[in-house]
Amino acid sequence: MRHLPLLFAASTRDIGSKIRSMSHNSNISRTTNILAESWSTISNEYEKVLVPRLAPWTQHALDALRDAVNKDMEREPADLPPSSALVLCCGPGHELLPIAKILGPTSKVLGTDLAPGMIAAARERIELECEKEGNIIYKECITTEVGDAQDPPGAGGPYHVIFSAFGLQQLPRPISAVESWFDRMQPGGICVFIYWPPRQPKITGDDDASSLGLWGDLVKRKLGGKQSKEDPWDENIQDAIAAAGGEIMHDESIVHEMCWNNAKDLFDGMSRAGPWHALRLRRGDE
């Protein structure tokens, strides 16, 4: 059983808050380039191997967003202005159409991903899905572009919704990224994100952290990253949200099974279709 955190927060910042300018050192830039190449290379395999395994958690996050939006609709007048959503680390785009449907056909949904290969897959998916009956009205709602979730695009914002499923743990500086996300939200906006923690929570009294949950540290260090004040970064998320003017509305650990046939199947899946591939790309197969 895997316990993965889901956070749902609202922005309470003043509309005049200044958007931060993020700086990237050479190590972060190098890591970013490797991650972009890695995820582009494995975009097809990722969709086959990991998307189905992560789908129960992703659906839970989408359900949380739907509930939050519905509550907003109950509080506000029926003639709300069109909503805008920023979907960070959108990968092959599985969440884009569902989010457009949650917000309605007048909404604007922008999906961004660091990897050009993932954006190409997302565009192909949207083209195919929006050809189906009932989905055509959403085609003009959805756009995609290559973009870095560490410092997301400000154009099109501020956003009513920011959504991310399993992207935060990929970023060189996840806490700084969360702060920048809230800078892109309009007051009262909704941010929903689910991520793979650097350590699994202790749920059985076993002090040995899951080896699978350690991959983030492993990749960062092997790719030249250094230990920072953000490690273990997930302990600082709530403070970062509060400092950025956000209010946590819901925080829970979601439990679902993730099954692999054996250890080799797991290693091959994670290193050929998942986050360990970046390390493989950097160091080779030897």
# chains A, B, ... in the order shown; residues from 1 in each chain; ligands from 1
>>> residues_around(residues="Gln150 of chain A", least_positions_apart="5", cutoff="9 Å", atoms="only C-alpha atoms", output="VMD selection string")
chain A and resid 22 168 171 to 174 176 to 178 180 to 181
>>> residues_around(residues="segment 259-269 of chain A", least_positions_apart="5", cutoff="8 Å", atoms="only C-alpha atoms", output="count of residues only")
4
>>> residues_around(residues="Glu140 of chain A", least_positions_apart="4", cutoff="9 Å", atoms="only C-alpha atoms", output="PyMOL selection string")
chain A and resi 105-106+108+136
>>> write_last_selection(atoms="N, CA, C and O atoms", output="short mmCIF file (atom, residue, chain, number, x, y, z; two decimals), in the first residue's frame")
data_model
loop_
_atom_site.label_atom_id
_atom_site.label_comp_id
_atom_site.auth_asym_id
_atom_site.auth_seq_id
_atom_site.Cartn_x
_atom_site.Cartn_y
_atom_site.Cartn_z
N PRO A 105 -17.24 24.85 -20.17
CA PRO A 105 -16.75 25.10 -21.53
C PRO A 105 -16.29 26.53 -21.79
O PRO A 105 -15.70 26.79 -22.83
N THR A 106 -16.54 27.45 -20.85
CA THR A 106 -16.03 28.81 -21.03
C THR A 106 -14.69 29.02 -20.33
O THR A 106 -14.14 30.12 -20.35
N LYS A 108 -10.58 28.42 -19.35
CA LYS A 108 -9.31 28.34 -20.05
C LYS A 108 -8.36 27.47 -19.23
O LYS A 108 -8.07 27.79 -18.07
N ILE A 136 -16.35 18.09 -27.93
CA ILE A 136 -15.92 19.10 -28.90
C ILE A 136 -15.94 20.50 -28.32
O ILE A 136 -15.08 21.32 -28.62
#
>>> select_by_dssp(residues="segment 64-172 of chain A", states="helix (DSSP H, G or I)", output="ChimeraX atom specification")
/A:64-75,96-103,116-129,136-141,168-170
>>> closest_residue(among="A:Glu95, A:Glu37, A:Glu45, A:Asp239", to="Asp63 of chain A", atoms="only C-alpha atoms")
A:Glu95
>>> residues_around(residues="Ile126 of chain A", least_positions_apart="4", cutoff="8 Å", atoms="only C-alpha atoms", output="PyMOL selection string")
chain A and resi 93+96-97+122+130+139+142
>>> write_last_selection(atoms="N, CA, C and O atoms", output="mmCIF file, in the first residue's frame")
data_model
loop_
_atom_site.group_PDB
_atom_site.id
_atom_site.type_symbol
_atom_site.label_atom_id
_atom_site.label_comp_id
_atom_site.auth_asym_id
_atom_site.auth_seq_id
_atom_site.Cartn_x
_atom_site.Cartn_y
_atom_site.Cartn_z
ATOM 1 N N GLY A 93 -1.109 14.642 -20.398
ATOM 2 C CA GLY A 93 -2.347 15.406 -20.484
ATOM 3 C C GLY A 93 -3.623 14.738 -20.035
ATOM 4 O O GLY A 93 -4.711 15.201 -20.369
ATOM 5 N N LEU A 96 -6.209 17.176 -18.283
ATOM 6 C CA LEU A 96 -6.612 18.445 -18.888
ATOM 7 C C LEU A 96 -8.102 18.493 -19.229
ATOM 8 O O LEU A 96 -8.796 19.462 -18.883
ATOM 9 N N LEU A 97 -8.602 17.489 -19.919
ATOM 10 C CA LEU A 97 -10.025 17.483 -20.263
ATOM 11 C C LEU A 97 -10.911 17.355 -19.025
ATOM 12 O O LEU A 97 -11.915 18.085 -18.918
ATOM 13 N N ALA A 122 0.474 15.178 -24.940
ATOM 14 C CA ALA A 122 -0.730 15.824 -24.413
ATOM 15 C C ALA A 122 -1.567 16.436 -25.541
ATOM 16 O O ALA A 122 -2.802 16.307 -25.554
ATOM 17 N N CYS A 130 -11.124 15.277 -27.890
ATOM 18 C CA CYS A 130 -12.099 16.324 -28.216
ATOM 19 C C CYS A 130 -12.819 16.063 -29.536
ATOM 20 O O CYS A 130 -13.692 16.851 -29.928
ATOM 21 N N LYS A 139 -12.625 21.771 -26.776
ATOM 22 C CA LYS A 139 -11.367 21.808 -27.520
ATOM 23 C C LYS A 139 -10.697 23.172 -27.455
ATOM 24 O O LYS A 139 -9.469 23.280 -27.306
ATOM 25 N N ILE A 142 -8.620 24.291 -24.053
ATOM 26 C CA ILE A 142 -7.379 23.686 -23.577
ATOM 27 C C ILE A 142 -6.207 24.055 -24.476
ATOM 28 O O ILE A 142 -6.262 23.887 -25.694
#
>>> residues_around(residues="segment 65-71 of chain A", least_positions_apart="6", cutoff="8 Å", atoms="only C-alpha atoms", output="list in words")
Phe8, Ile102, Leu103, Ile190 and Val192 of chain A
>>> closest_residue(among="A:Arg272, A:Lys132, A:His160, A:Lys48", to="Leu110 of chain A", atoms="only C-alpha atoms")
A:His160
>>> closest_residue(among="A:Ile241, A:Cys141, A:Ala36, A:Ala165", to="Pro56 of chain A", atoms="only C-alpha atoms")
A:Ala165
>>> residues_around(residues="Arg123 of chain A", least_positions_apart="2", cutoff="8 Å", atoms="only C-alpha atoms", output="list in words")
Pro92, Gly93, Ile119, Ala120, Ala121, Arg125, Ile126, Glu127 and Thr144 of chain A
>>> closest_atom_pairs(of="segment 38-71 of chain A", to="segment 88-91 of chain A", cutoff="9 Å", atoms="only C-alpha atoms", output="JSON lines")
{"residue": "A:Trp39", "atom": "CA", "partner": "A:Gly91", "partner_atom": "CA", "distance": 8.4}
{"residue": "A:Ser43", "atom": "CA", "partner": "A:Gly91", "partner_atom": "CA", "distance": 7.7}
{"residue": "A:Glu47", "atom": "CA", "partner": "A:Gly91", "partner_atom": "CA", "distance": 8.7}
